[in-house]
file protein.tsv (TSV, C-alpha atoms and all ligand atoms)
chain	number	residue	atom	x	y	z
A	1	MET	CA	-22.98	-3.81	-8.62
A	2	HIS	CA	-19.25	-3.43	-8.02
A	3	ARG	CA	-16.82	-5.63	-9.92
A	4	VAL	CA	-13.78	-6.73	-7.92
A	5	LEU	CA	-10.86	-8.81	-9.14
A	6	LEU	CA	-9.10	-10.95	-6.54
A	7	LEU	CA	-5.44	-11.77	-7.18
A	8	PRO	CA	-4.31	-14.14	-4.40
A	9	GLY	CA	-0.78	-14.59	-5.81
A	10	ASP	CA	1.83	-16.80	-4.17
A	11	HIS	CA	2.73	-18.38	-0.82
A	12	ILE	CA	0.77	-16.66	2.00
A	13	GLY	CA	-1.17	-14.71	-0.66
A	14	PRO	CA	-3.96	-17.30	-0.99
A	15	GLU	CA	-4.07	-17.79	2.80
A	16	ILE	CA	-4.72	-14.13	3.55
A	17	MET	CA	-7.02	-13.74	0.54
A	18	ALA	CA	-9.26	-16.50	1.92
A	19	GLU	CA	-9.88	-14.29	4.98
A	20	ALA	CA	-10.66	-11.27	2.80
A	21	ARG	CA	-13.15	-13.43	0.93
A	22	LYS	CA	-14.94	-14.27	4.20
A	23	VAL	CA	-15.19	-10.58	5.06
A	24	ILE	CA	-16.57	-9.76	1.60
A	25	ASP	CA	-19.16	-12.53	2.04
A	26	VAL	CA	-20.37	-11.01	5.32
A	27	LEU	CA	-20.57	-7.55	3.77
A	28	VAL	CA	-22.76	-9.04	1.04
A	29	ALA	CA	-24.93	-11.14	3.36
A	30	GLU	CA	-25.44	-8.62	6.15
A	31	PHE	CA	-24.56	-5.11	4.97
A	32	GLY	CA	-26.18	-5.00	1.53
A	33	PHE	CA	-22.83	-4.84	-0.28
A	34	SER	CA	-23.37	-5.60	-3.94
A	35	VAL	CA	-20.31	-7.12	-5.61
A	36	GLU	CA	-19.25	-9.61	-8.23
A	37	CYS	CA	-15.82	-11.15	-7.54
A	38	GLU	CA	-13.56	-12.83	-10.08
A	39	THR	CA	-10.24	-14.50	-9.27
A	40	ALA	CA	-7.16	-14.51	-11.51
A	41	HIS	CA	-3.46	-15.38	-11.56
A	42	LEU	CA	-0.73	-12.83	-10.93
A	43	GLY	CA	2.91	-13.58	-10.15
A	44	GLY	CA	4.53	-17.00	-9.87
A	45	CYS	CA	1.17	-18.77	-9.96
A	46	GLY	CA	0.56	-17.13	-13.35
A	47	VAL	CA	3.91	-18.40	-14.63
A	48	ASP	CA	3.12	-21.95	-13.49
A	49	ALA	CA	-0.49	-22.04	-14.69
A	50	GLU	CA	-0.46	-19.84	-17.81
A	51	GLY	CA	3.21	-19.24	-18.68
A	52	ALA	CA	3.31	-15.53	-17.73
A	53	PRO	CA	3.43	-13.52	-14.47
A	54	LEU	CA	0.71	-11.25	-15.92
A	55	PRO	CA	-1.42	-13.49	-18.15
A	56	GLU	CA	-3.55	-11.85	-20.87
A	57	SER	CA	-6.69	-13.21	-19.23
A	58	THR	CA	-5.76	-11.49	-15.95
A	59	LEU	CA	-5.19	-8.15	-17.66
A	60	ARG	CA	-8.55	-8.45	-19.42
A	61	LEU	CA	-10.33	-9.08	-16.13
A	62	ALA	CA	-8.36	-6.24	-14.49
A	63	LYS	CA	-9.54	-3.79	-17.14
A	64	ALA	CA	-13.14	-4.88	-16.64
A	65	SER	CA	-13.00	-4.44	-12.85
A	66	ASP	CA	-13.64	-1.45	-10.59
A	67	ALA	CA	-10.90	-2.47	-8.17
A	68	MET	CA	-8.38	-5.23	-7.50
A	69	LEU	CA	-7.27	-6.86	-4.28
A	70	LEU	CA	-3.84	-8.52	-4.34
A	71	GLY	CA	-2.32	-10.90	-1.79
A	72	ALA	CA	1.41	-10.95	-2.61
A	73	VAL	CA	3.63	-12.39	-5.32
A	74	GLY	CA	7.00	-14.11	-5.49
A	75	GLY	CA	9.06	-16.81	-3.87
A	76	PRO	CA	12.40	-18.63	-4.11
A	77	GLU	CA	11.11	-21.23	-6.57
A	78	TRP	CA	11.01	-18.54	-9.30
A	79	ASP	CA	14.40	-17.02	-8.42
A	80	GLY	CA	16.36	-18.61	-11.26
A	81	ILE	CA	13.78	-17.82	-13.92
A	82	GLU	CA	14.44	-15.45	-16.83
A	83	ARG	CA	13.78	-11.76	-16.18
A	84	GLU	CA	10.50	-11.38	-18.10
A	85	LEU	CA	8.98	-14.28	-16.20
A	86	ARG	CA	9.85	-13.08	-12.70
A	87	PRO	CA	6.76	-12.76	-10.46
A	88	GLU	CA	7.53	-9.06	-9.69
A	89	ARG	CA	7.21	-8.42	-13.42
A	90	GLY	CA	3.53	-9.25	-13.02
A	91	LEU	CA	3.16	-6.52	-10.42
A	92	LEU	CA	5.13	-3.88	-12.35
A	93	GLY	CA	3.26	-4.90	-15.50
A	94	ILE	CA	-0.20	-4.44	-14.01
A	95	ARG	CA	0.77	-1.06	-12.46
A	96	ALA	CA	2.01	0.17	-15.83
A	97	ALA	CA	-0.83	-1.32	-17.90
A	98	MET	CA	-3.47	0.17	-15.60
A	99	GLY	CA	-1.79	3.60	-15.19
A	100	LEU	CA	-1.61	3.33	-11.39
A	101	PHE	CA	0.24	6.58	-10.66
A	102	ALA	CA	-0.88	7.32	-7.11
A	103	ASN	CA	0.42	5.16	-4.29
A	104	LEU	CA	-1.40	5.60	-0.98
A	105	ARG	CA	0.49	4.26	2.02
A	106	PRO	CA	-1.18	4.80	5.39
A	107	ALA	CA	0.89	4.36	8.53
A	108	ILE	CA	-1.61	3.61	11.24
A	109	LEU	CA	-0.72	2.46	14.70
A	110	PHE	CA	-3.60	1.12	16.69
A	111	PRO	CA	-3.07	2.10	20.35
A	112	GLU	CA	-3.35	-1.58	21.31
A	113	LEU	CA	-0.11	-2.20	19.38
A	114	ALA	CA	1.86	0.83	20.53
A	115	ALA	CA	4.40	-1.45	22.21
A	116	ALA	CA	5.33	-2.92	18.79
A	117	SER	CA	6.91	0.36	17.67
A	118	SER	CA	10.58	1.17	18.19
A	119	LEU	CA	9.50	4.65	19.34
A	120	ARG	CA	8.02	5.50	22.72
A	121	PRO	CA	4.28	4.70	22.95
A	122	GLU	CA	3.27	8.33	23.57
A	123	VAL	CA	5.08	9.43	20.37
A	124	VAL	CA	3.27	6.93	18.13
A	125	SER	CA	0.07	5.84	19.87
A	126	ASP	CA	-2.92	6.59	17.59
A	127	LEU	CA	-0.58	7.55	14.75
A	128	ASN	CA	-2.53	7.94	11.51
A	129	ILE	CA	-0.54	9.31	8.57
A	130	LEU	CA	-1.26	8.90	4.87
A	131	ILE	CA	1.70	9.12	2.52
A	132	VAL	CA	0.73	9.83	-1.09
A	133	ARG	CA	3.62	8.86	-3.35
A	134	GLU	CA	3.83	9.53	-7.09
A	135	LEU	CA	4.49	6.10	-8.59
A	136	THR	CA	5.03	6.34	-12.35
A	137	GLY	CA	7.31	9.37	-12.81
A	138	GLY	CA	10.34	11.09	-11.32
A	139	ILE	CA	13.90	9.84	-11.22
A	140	TYR	CA	12.92	6.15	-11.48
A	141	PHE	CA	11.59	6.74	-15.00
A	142	GLY	CA	13.28	9.96	-16.26
A	143	SER	CA	15.63	10.06	-19.21
A	144	PRO	CA	18.43	10.42	-20.07
A	145	ARG	CA	19.70	7.61	-17.88
A	146	GLY	CA	22.56	5.15	-18.06
A	147	VAL	CA	26.19	4.43	-17.40
A	148	GLU	CA	28.65	5.81	-19.97
A	149	GLN	CA	32.35	6.18	-20.39
A	150	ARG	CA	33.45	9.79	-20.73
A	151	ALA	CA	36.19	11.01	-23.07
A	152	ASP	CA	38.62	10.94	-20.15
A	153	GLY	CA	37.93	7.21	-19.73
A	154	VAL	CA	36.06	7.57	-16.43
A	155	ARG	CA	32.65	5.88	-16.28
A	156	GLU	CA	29.70	8.00	-15.18
A	157	GLY	CA	26.26	6.89	-14.02
A	158	PHE	CA	23.29	9.25	-14.37
A	159	ASN	CA	19.54	9.50	-13.90
A	160	THR	CA	17.15	12.36	-14.45
A	161	LEU	CA	14.55	13.73	-12.04
A	162	ARG	CA	11.79	15.07	-14.24
A	163	TYR	CA	8.19	15.99	-13.43
A	164	ASP	CA	5.84	17.96	-15.65
A	165	GLU	CA	3.14	20.12	-14.10
A	166	ASN	CA	0.36	17.74	-15.11
A	167	GLU	CA	2.01	14.89	-13.25
A	168	ILE	CA	2.45	17.08	-10.17
A	169	ARG	CA	-1.11	18.36	-10.31
A	170	ARG	CA	-2.74	14.94	-10.57
A	171	ILE	CA	-0.85	13.51	-7.59
A	172	GLY	CA	-1.59	16.72	-5.68
A	173	GLU	CA	-5.30	16.35	-6.38
A	174	VAL	CA	-5.25	12.85	-4.90
A	175	ALA	CA	-3.56	14.17	-1.75
A	176	PHE	CA	-5.90	17.15	-1.31
A	177	ALA	CA	-8.99	15.00	-1.87
A	178	ALA	CA	-7.72	12.51	0.70
A	179	ALA	CA	-7.06	15.31	3.22
A	180	GLN	CA	-10.64	16.54	2.80
A	181	ARG	CA	-11.83	13.12	3.99
A	182	ARG	CA	-9.30	13.06	6.85
A	183	GLY	CA	-7.65	15.76	8.96
A	184	GLY	CA	-7.64	18.57	6.38
A	185	GLN	CA	-3.85	18.98	6.20
A	186	VAL	CA	-1.42	18.32	3.36
A	187	CYS	CA	2.33	18.51	3.82
A	188	SER	CA	4.10	18.58	0.45
A	189	VAL	CA	7.64	17.22	0.66
A	190	ASP	CA	10.33	18.36	-1.77
A	191	LYS	CA	13.89	19.64	-1.97
A	192	ALA	CA	13.12	23.07	-3.41
A	193	ASN	CA	16.22	24.63	-1.85
A	194	VAL	CA	18.36	22.57	-4.24
A	195	LEU	CA	16.25	21.11	-7.08
A	196	GLU	CA	14.53	23.08	-9.86
A	197	SER	CA	12.05	20.23	-10.32
A	198	SER	CA	11.06	20.77	-6.69
A	199	GLU	CA	10.54	24.51	-7.30
A	200	LEU	CA	7.95	23.60	-9.91
A	201	TRP	CA	6.51	20.95	-7.59
A	202	ARG	CA	6.06	23.57	-4.85
A	203	GLU	CA	4.55	26.13	-7.23
A	204	VAL	CA	1.97	23.67	-8.62
A	205	MET	CA	1.01	22.43	-5.13
A	206	THR	CA	0.57	26.03	-3.96
A	207	ASP	CA	-1.66	26.85	-6.95
A	208	LEU	CA	-3.69	23.72	-6.40
A	209	ALA	CA	-4.32	24.59	-2.74
A	210	SER	CA	-6.61	27.47	-3.78
A	211	ASN	CA	-9.09	24.86	-5.10
A	212	TYR	CA	-9.25	23.29	-1.64
A	213	PRO	CA	-10.02	26.09	0.83
A	214	ASP	CA	-10.87	23.51	3.50
A	215	VAL	CA	-7.36	22.00	3.35
A	216	THR	CA	-4.23	23.58	4.83
A	217	LEU	CA	-1.07	23.16	2.77
A	218	SER	CA	2.44	23.24	4.20
A	219	HIS	CA	5.79	22.51	2.57
A	220	MET	CA	8.76	20.67	4.01
A	221	TYR	CA	12.20	19.76	2.74
A	222	VAL	CA	12.67	16.02	2.54
A	223	ASP	CA	15.59	15.87	4.96
A	224	ASN	CA	13.57	17.69	7.59
A	225	ALA	CA	10.54	15.49	6.82
A	226	ALA	CA	12.60	12.37	7.57
A	227	MET	CA	13.67	13.92	10.85
A	228	GLN	CA	10.16	15.02	11.81
A	229	LEU	CA	8.74	11.57	11.00
A	230	VAL	CA	10.78	9.98	13.76
A	231	ARG	CA	10.72	13.00	16.10
A	232	ALA	CA	7.02	13.86	16.16
A	233	PRO	CA	5.14	11.84	13.52
A	234	LYS	CA	1.67	12.77	14.78
A	235	GLN	CA	2.10	16.33	13.41
A	236	PHE	CA	1.32	14.91	9.93
A	237	ASP	CA	-2.02	14.12	8.31
A	238	VAL	CA	-1.39	13.64	4.56
A	239	MET	CA	2.13	13.84	3.11
A	240	VAL	CA	2.49	14.11	-0.68
A	241	THR	CA	5.76	13.62	-2.49
A	242	GLY	CA	7.52	12.29	-5.58
A	243	ASN	CA	8.55	8.75	-6.38
A	244	LEU	CA	12.02	8.61	-4.82
A	245	PHE	CA	11.33	10.64	-1.66
A	246	GLY	CA	8.05	8.73	-1.23
A	247	ASP	CA	9.74	5.35	-1.52
A	248	ILE	CA	12.03	6.17	1.36
A	249	LEU	CA	9.62	8.14	3.57
A	250	SER	CA	6.82	5.57	3.25
A	251	ASP	CA	9.08	2.74	4.41
A	252	CYS	CA	10.29	4.90	7.28
A	253	ALA	CA	6.71	5.74	8.29
A	254	ALA	CA	5.73	2.07	7.99
A	255	MET	CA	8.35	1.05	10.50
A	256	LEU	CA	7.04	3.57	13.05
A	257	THR	CA	4.18	1.12	13.43
A	258	GLY	CA	6.57	-1.79	13.96
A	259	SER	CA	4.48	-4.43	12.22
A	260	ILE	CA	4.60	-5.30	8.56
A	261	GLY	CA	1.57	-7.57	8.92
A	262	MET	CA	-0.73	-4.58	9.63
A	263	LEU	CA	-0.04	-2.21	6.74
A	264	PRO	CA	-2.33	-1.74	3.72
A	265	SER	CA	-1.69	0.18	0.50
A	266	ALA	CA	-3.44	1.37	-2.63
A	267	SER	CA	-2.28	2.29	-6.12
A	268	LEU	CA	-4.80	4.36	-8.04
A	269	ASP	CA	-5.37	5.47	-11.64
A	270	GLU	CA	-6.89	8.77	-12.80
A	271	GLN	CA	-10.45	7.44	-12.48
A	272	GLY	CA	-9.86	6.29	-8.91
A	273	ARG	CA	-9.73	2.65	-9.93
A	274	GLY	CA	-7.08	0.86	-7.99
A	275	LEU	CA	-4.99	-2.07	-6.93
A	276	TYR	CA	-5.07	-2.69	-3.16
A	277	GLU	CA	-2.51	-4.83	-1.39
A	278	PRO	CA	-0.74	-5.37	1.89
A	279	VAL	CA	2.70	-3.74	2.03
A	280	HIS	CA	4.37	-7.05	2.91
A	281	GLY	CA	5.49	-9.74	0.48
A	282	SER	CA	4.58	-13.41	0.08
A	283	ALA	CA	6.48	-14.51	3.22
A	284	PRO	CA	7.66	-17.91	1.91
A	285	ASP	CA	9.29	-18.54	5.30
A	286	ILE	CA	5.87	-18.95	6.95
A	287	SER	CA	3.67	-20.02	4.04
A	288	GLY	CA	1.51	-23.12	4.47
A	289	GLN	CA	1.64	-22.85	8.26
A	290	GLY	CA	-1.57	-20.87	8.73
A	291	VAL	CA	0.17	-18.25	10.87
A	292	ALA	CA	0.27	-15.20	8.55
A	293	ASN	CA	-1.43	-12.03	9.76
A	294	PRO	CA	-4.42	-11.33	7.48
A	295	LEU	CA	-5.10	-7.84	8.89
A	296	ALA	CA	-3.00	-5.89	6.34
A	297	THR	CA	-5.10	-7.49	3.62
A	298	LEU	CA	-8.38	-6.77	5.42
A	299	LEU	CA	-7.31	-3.15	5.92
A	300	SER	CA	-6.46	-3.03	2.18
A	301	LEU	CA	-9.99	-4.23	1.49
A	302	ALA	CA	-11.26	-1.37	3.68
A	303	MET	CA	-9.18	1.08	1.62
A	304	MET	CA	-10.72	-0.35	-1.54
A	305	LEU	CA	-14.21	0.19	-0.16
A	306	ARG	CA	-13.35	3.80	0.69
A	307	HIS	CA	-11.26	4.92	-2.28
A	308	SER	CA	-12.53	2.98	-5.30
A	309	LEU	CA	-16.03	1.77	-4.44
A	310	ASP	CA	-17.43	4.80	-2.61
A	311	GLU	CA	-18.50	2.64	0.34
A	312	ALA	CA	-17.01	4.67	3.21
A	313	ALA	CA	-19.50	3.34	5.75
A	314	LEU	CA	-18.50	-0.25	4.96
A	315	ALA	CA	-14.84	0.72	5.13
A	316	ASP	CA	-15.44	2.11	8.64
A	317	HIS	CA	-17.14	-1.12	9.68
A	318	VAL	CA	-14.20	-3.26	8.52
A	319	GLU	CA	-11.65	-0.97	10.20
A	320	GLN	CA	-13.64	-0.90	13.43
A	321	ALA	CA	-13.98	-4.68	13.37
A	322	VAL	CA	-10.19	-4.98	13.08
A	323	ARG	CA	-9.82	-2.53	15.94
A	324	SER	CA	-12.20	-4.52	18.07
A	325	VAL	CA	-10.35	-7.85	17.66
A	326	LEU	CA	-7.16	-6.08	18.72
A	327	GLN	CA	-9.01	-4.71	21.75
A	328	GLN	CA	-10.12	-8.26	22.55
A	329	GLY	CA	-6.41	-9.10	22.73
A	330	LEU	CA	-6.17	-11.32	19.66
A	331	ARG	CA	-2.68	-11.36	18.14
A	332	THR	CA	-1.06	-13.27	15.30
A	333	ALA	CA	2.56	-14.25	15.92
A	334	ASP	CA	4.05	-11.17	14.20
A	335	ILE	CA	2.27	-8.77	16.59
A	336	ALA	CA	2.18	-10.91	19.74
A	337	PRO	CA	4.57	-9.77	22.47
A	338	GLN	CA	7.40	-12.25	23.20
A	339	GLY	CA	6.26	-15.20	25.24
A	340	THR	CA	2.52	-14.68	24.74
A	341	SER	CA	0.29	-17.00	22.75
A	342	ALA	CA	-0.83	-16.21	19.22
A	343	VAL	CA	-3.78	-17.10	17.01
A	344	GLY	CA	-3.52	-18.31	13.41
A	345	THR	CA	-4.64	-16.74	10.14
A	346	ARG	CA	-8.09	-18.32	10.13
A	347	ALA	CA	-8.87	-17.62	13.77
A	348	MET	CA	-7.96	-13.97	13.22
A	349	GLY	CA	-10.16	-13.79	10.10
A	350	ASP	CA	-13.03	-15.49	11.94
A	351	ALA	CA	-12.77	-13.02	14.81
A	352	VAL	CA	-12.99	-10.07	12.39
A	353	VAL	CA	-16.02	-11.67	10.76
A	354	GLU	CA	-17.67	-12.06	14.18
A	355	ALA	CA	-16.89	-8.45	15.11
A	356	LEU	CA	-18.33	-7.34	11.80
A	357	ARG	CA	-21.52	-9.36	12.31
A	358	ALA	CA	-21.94	-7.71	15.68
A	359	ARG	CA	-22.03	-4.33	13.88
A	360	ALA	CA	-24.67	-5.34	11.29
B	401	LIG	P1	8.12	-10.35	3.12
B	401	LIG	O1	7.34	-9.11	3.38
B	401	LIG	O2	7.44	-11.41	2.34
B	401	LIG	O3	8.62	-10.98	4.50
B	401	LIG	C1	9.45	-10.26	5.41
B	401	LIG	C2	9.26	-10.86	6.82
B	401	LIG	O4	7.99	-10.46	7.32
B	401	LIG	C3	9.26	-12.38	6.83
B	401	LIG	O5	9.90	-12.84	7.99
B	401	LIG	C4	7.79	-12.74	6.84
B	401	LIG	O6	7.52	-13.98	7.46
B	401	LIG	C5	7.19	-11.59	7.62
B	401	LIG	N1	5.81	-11.33	7.17
B	401	LIG	C6	5.45	-10.76	5.99
B	401	LIG	N2	4.12	-10.70	5.88
B	401	LIG	C7	3.62	-11.21	7.02
B	401	LIG	C8	2.29	-11.42	7.51
B	401	LIG	N3	1.20	-11.09	6.82
B	401	LIG	N4	2.17	-12.00	8.74
B	401	LIG	C9	3.24	-12.33	9.47
B	401	LIG	N5	4.50	-12.16	9.06
B	401	LIG	C10	4.70	-11.61	7.85
B	401	LIG	O7	9.46	-9.89	2.38
B	401	LIG	P2	10.63	-10.79	1.76
B	401	LIG	O8	10.87	-11.97	2.61
B	401	LIG	O9	11.72	-9.87	1.47
B	401	LIG	O10	10.08	-11.28	0.35
B	401	LIG	C11	9.46	-12.55	0.14
B	401	LIG	C12	8.92	-12.61	-1.29
B	401	LIG	O11	7.87	-11.63	-1.43
B	401	LIG	C13	9.96	-12.26	-2.34
B	401	LIG	O12	9.75	-13.11	-3.45
B	401	LIG	C14	9.65	-10.82	-2.70
B	401	LIG	O13	10.05	-10.50	-4.00
B	401	LIG	C15	8.15	-10.80	-2.57
B	401	LIG	N6	7.57	-9.46	-2.31
B	401	LIG	C16	6.37	-9.21	-2.91
B	401	LIG	C17	5.72	-8.02	-2.69
B	401	LIG	C18	4.38	-7.84	-3.30
B	401	LIG	O14	3.76	-8.78	-3.74
B	401	LIG	N7	3.85	-6.63	-3.33
B	401	LIG	C19	6.30	-6.97	-1.84
B	401	LIG	C20	7.54	-7.36	-1.20
B	401	LIG	C21	8.15	-8.56	-1.46
B	402	MG	MG	10.49	0.70	-0.84
call {"tool": "encode", "arguments": {"input": "protein.tsv", "output": "C-alpha cells"}}
result
Amino acid sequence: MHRVLLLPGDHIGPEIMAEARKVIDVLVAEFGFSVECETAHLGGCGVDAEGAPLPESTLRLAKASDAMLLGAVGGPEWDGIERELRPERGLLGIRAAMGLFANLRPAILFPELAAASSLRPEVVSDLNILIVRELTGGIYFGSPRGVEQRADGVREGFNTLRYDENEIRRIGEVAFAAAQRRGGQVCSVDKANVLESSELWREVMTDLASNYPDVTLSHMYVDNAAMQLVRAPKQFDVMVTGNLFGDILSDCAAMLTGSIGMLPSASLDEQGRGLYEPVHGSAPDISGQGVANPLATLLSLAMMLRHSLDEAALADHVEQAVRSVLQQGLRTADIAPQGTSAVGTRAMGDAVVEALRARA
C-alpha cells in the first residue's frame, strides 16, 4: 500500500488536483493500484486555514508519506504578507525539511504539439530530455556570502560556489540511474575550464561512470550546453548539473516545448521519496474559470509512479493516455492554436480517464 500526500495549494492548484484525483481513482479501480491518499494545506491556503504556509500537520503527513503531489502555491492576495508567511515559504520549507536535493525536470515535446515550440518542428519534434539539477547546494547556499563595504569604501557583493564530493556523487547517482531507465546517456554540464569546483565535479562524475557500464558519460561546458540546447536539443538524453546552471538550463529546455501547461517535475530525497509538481505556478489570472491545463499535473503523477512508487507500468499507462488525448486533437486554451476551439480542465481530465480505461 503506497501512501501519497496530495497538496492542492492555491488558485488553479485545486482545479488541476481534482483531475489527478480522478486518474488515481481509475488506477485503483481498474489497474490494481494500491494507495492511501491524504490531503493537506501548503501555501496560501495553509496561511488562511492554519496560520502557516507549511503547517505542522502538513509536515507530519509529508514525513509519513511515500510521495507528494503538489498543485501550485501563491497568489496576489498574500503579496503584502510578512516574509515568513509567504506561500513560497511553504514550498522552500518542505524542500528543506524533506531533504529534496535532486530536481528532475523533463522537457518532453509530444509531436502533436511541435507547432507550439519557437523552434522548427523537425528540431524539437519528439524531444525527450531529462535535466537533473542539484537543488540544495552550490552558489545559492554557499558561504561566505553577503554585501560588505571594503576598506576603500566601495561595496562588494559576493557568493560562494561550493560542492563537496558527496553532494556531487549523490546527484550523479540520480542522473546515472535515470539514464539506465532511458536512453543510456548522461551529459554532465560544468565550467571546468574556469572553476575549480567544476574540476572536482567532473572528476567525481567520471569516477562514478565506472559503476554504470551501460551508461555513456560525456562532459560539456555550460555555455556550449546552452547553445546546443537550442541548436540540436535531441542530442541529449539526461543532463546533470549544479544548482545555478540547472536553474537556467532547465528553464531554457522547458521553453523548447513552448507550453508551460505540459511540464512536470520531481524533487527527490536520498531514499527516492519525492515531491512532484507541475513546473507552472498557481495562475491566478485564470483560476476559477475551469480552463487550466491539467496535463502537467497528470504527467507529474506519472513521474511519481515511476520514480517514487516503483510502478513504471502504471506510469507508462498515464503517459500514453495523455498522448492519446493529444492525438485525438483535444487542446486546452494554452496549447490550442490561435482561432481553434479549446476544452476545459474537466473535459481534458475526463478524456485522459477514458483513454486510461481503454488501456485497462
Ligand atoms: P504561472 O506559472 O502561475 O503563470 C504564468 C502564465 O502561464 C499565466 O498566464 C498562466 O495563466 C499560465 N499558466 C500557468 N499554468 C497554466 C496551466 N496549467 N494551464 C494554462 N495556463 C497556465 O506564473 P506566475 O503568473 O508568475 O505566478 C503566479 C503565482 O504562482 C505567483 O504567486 C507565484 O509565486 C506562484 N508560483 C508558484 C510556483 C509553485 O507553486 N511551484 C511556481 C511558480 C510560480
Ligand atoms: Mg528558474
call {"tool": "atom_distance", "arguments": {"input": "protein.tsv", "atom1": "CA of His11 (chain A)", "atom2": "CA of Gly90 (chain A)"}}
result
15.3 Å
call {"tool": "residues_around", "arguments": {"input": "protein.tsv", "residues": "Ile260 (chain A)", "least_positions_apart": "3", "cutoff": "7 Å", "atoms": "all atoms listed in the file", "output": "PyMOL selection string"}}
result
chain A and resi 263+279-280
call {"tool": "write_last_selection", "arguments": {"input": "protein.tsv", "atoms": "C-alpha atoms", "output": "JSON list (two decimals), keeping the file's coordinate frame"}}
result
[["chain", "number", "residue", "atom", "x", "y", "z"],
["A", 263, "LEU", "CA", -0.04, -2.21, 6.74],
["A", 279, "VAL", "CA", 2.70, -3.74, 2.03],
["A", 280, "HIS", "CA", 4.37, -7.05, 2.91]]
call {"tool": "atom_distance", "arguments": {"input": "protein.tsv", "atom1": "atom O6 of ligand LIG 401 (chain B)", "atom2": "CA of Leu229 (chain A)"}}
result
25.8 Å
call {"tool": "closest_residue", "arguments": {"input": "protein.tsv", "among": "A:Glu15, A:Glu196, A:Asp25, A:Glu112", "to": "Ile335 (chain A)", "atoms": "all atoms listed in the file"}}
result
A:Glu112
call {"tool": "closest_atom_pairs", "arguments": {"input": "protein.tsv", "of": "chain A", "to": "ligand MG 402 (chain B)", "cutoff": "7 Å", "atoms": "only C-alpha atoms and all ligand atoms", "output": "CSV"}}
result
residue,atom,partner,partner_atom,distance
A:Asp247,CA,B:MG402,MG,4.8
A:Ile248,CA,B:MG402,MG,6.1
A:Asp251,CA,B:MG402,MG,5.8
call {"tool": "closest_residue", "arguments": {"input": "protein.tsv", "among": "A:Ile12, A:Met17, A:Leu119, A:Val174", "to": "ligand LIG 401 (chain B)", "atoms": "only C-alpha atoms and all ligand atoms"}}
result
A:Ile12
call {"tool": "closest_atom_pairs", "arguments": {"input": "protein.tsv", "of": "chain A", "to": "ligand LIG 401 (chain B)", "cutoff": "6 Å", "atoms": "all atoms listed in the file", "output": "Markdown table"}}
result
| residue | atom | partner | partner_atom | distance |
| --- | --- | --- | --- | --- |
| A:Ala72 | CA | B:LIG401 | O14 | 3.4 |
| A:Val73 | CA | B:LIG401 | O14 | 3.9 |
| A:Gly74 | CA | B:LIG401 | O12 | 3.6 |
| A:Gly75 | CA | B:LIG401 | O12 | 3.8 |
| A:Gly261 | CA | B:LIG401 | N3 | 4.1 |
| A:His280 | CA | B:LIG401 | O1 | 3.6 |
| A:Gly281 | CA | B:LIG401 | O2 | 3.2 |
| A:Ser282 | CA | B:LIG401 | O11 | 4.0 |
| A:Ala283 | CA | B:LIG401 | O2 | 3.4 |
| A:Pro284 | CA | B:LIG401 | C11 | 5.9 |
| A:Asp285 | CA | B:LIG401 | O6 | 5.3 |
| A:Ile286 | CA | B:LIG401 | O6 | 5.3 |
| A:Ala292 | CA | B:LIG401 | N4 | 3.7 |
| A:Asn293 | CA | B:LIG401 | N4 | 3.7 |
| A:Pro294 | CA | B:LIG401 | N3 | 5.7 |
| A:Asp334 | CA | B:LIG401 | C9 | 4.9 |
call {"tool": "atom_distance", "arguments": {"input": "protein.tsv", "atom1": "CA of Glu88 (chain A)", "atom2": "CA of Thr58 (chain A)"}}
result
14.9 Å
call {"tool": "closest_residue", "arguments": {"input": "protein.tsv", "among": "A:Arg359, A:Gly43, A:Ala232, A:Leu295", "to": "Ala313 (chain A)", "atoms": "only C-alpha atoms"}}
result
A:Arg359
call {"tool": "residues_around", "arguments": {"input": "protein.tsv", "residues": "Pro337 (chain A)", "least_positions_apart": "5", "cutoff": "10 Å", "atoms": "all atoms listed in the file", "output": "number ranges by chain"}}
result
A: 113, 115-116, 331-332, 342
call {"tool": "closest_residue", "arguments": {"input": "protein.tsv", "among": "A:Met239, A:Ala40, A:Ala97, A:Ala312", "to": "Lys63 (chain A)", "atoms": "all atoms listed in the file"}}
result
A:Ala97
call {"tool": "residues_around", "arguments": {"input": "protein.tsv", "residues": "Val194 (chain A)", "least_positions_apart": "4", "cutoff": "12 Å", "atoms": "all atoms listed in the file", "output": "list in words"}}
result
Asp190, Ser198, Glu199, Leu200, Tyr221, Val222 and Asp223 of chain A
call {"tool": "closest_residue", "arguments": {"input": "protein.tsv", "among": "A:Thr340, A:Gln228, A:Ser188, A:Asn243", "to": "Thr216 (chain A)", "atoms": "all atoms listed in the file"}}
result
A:Ser188
call {"tool": "closest_atom_pairs", "arguments": {"input": "protein.tsv", "of": "region 107-161 of chain A", "to": "region 201-214 of chain A", "cutoff": "12 Å", "atoms": "only C-alpha atoms", "output": "JSON lines"}}
result
{"residue": "A:Glu134", "atom": "CA", "partner": "A:Trp201", "partner_atom": "CA", "distance": 11.7}
{"residue": "A:Gly138", "atom": "CA", "partner": "A:Trp201", "partner_atom": "CA", "distance": 11.2}
{"residue": "A:Leu161", "atom": "CA", "partner": "A:Trp201", "partner_atom": "CA", "distance": 11.7}
call {"tool": "residues_around", "arguments": {"input": "protein.tsv", "residues": "Leu244 (chain A)", "least_positions_apart": "2", "cutoff": "12 Å", "atoms": "all atoms listed in the file", "output": "ChimeraX atom specification"}}
result
/A:132-142,159-163,189-191,222,240-242,246-251
call {"tool": "closest_residue", "arguments": {"input": "protein.tsv", "among": "A:Leu42, A:Leu127, A:Ala192, A:Ala52", "to": "Pro111 (chain A)", "atoms": "only C-alpha atoms"}}
result
A:Leu127
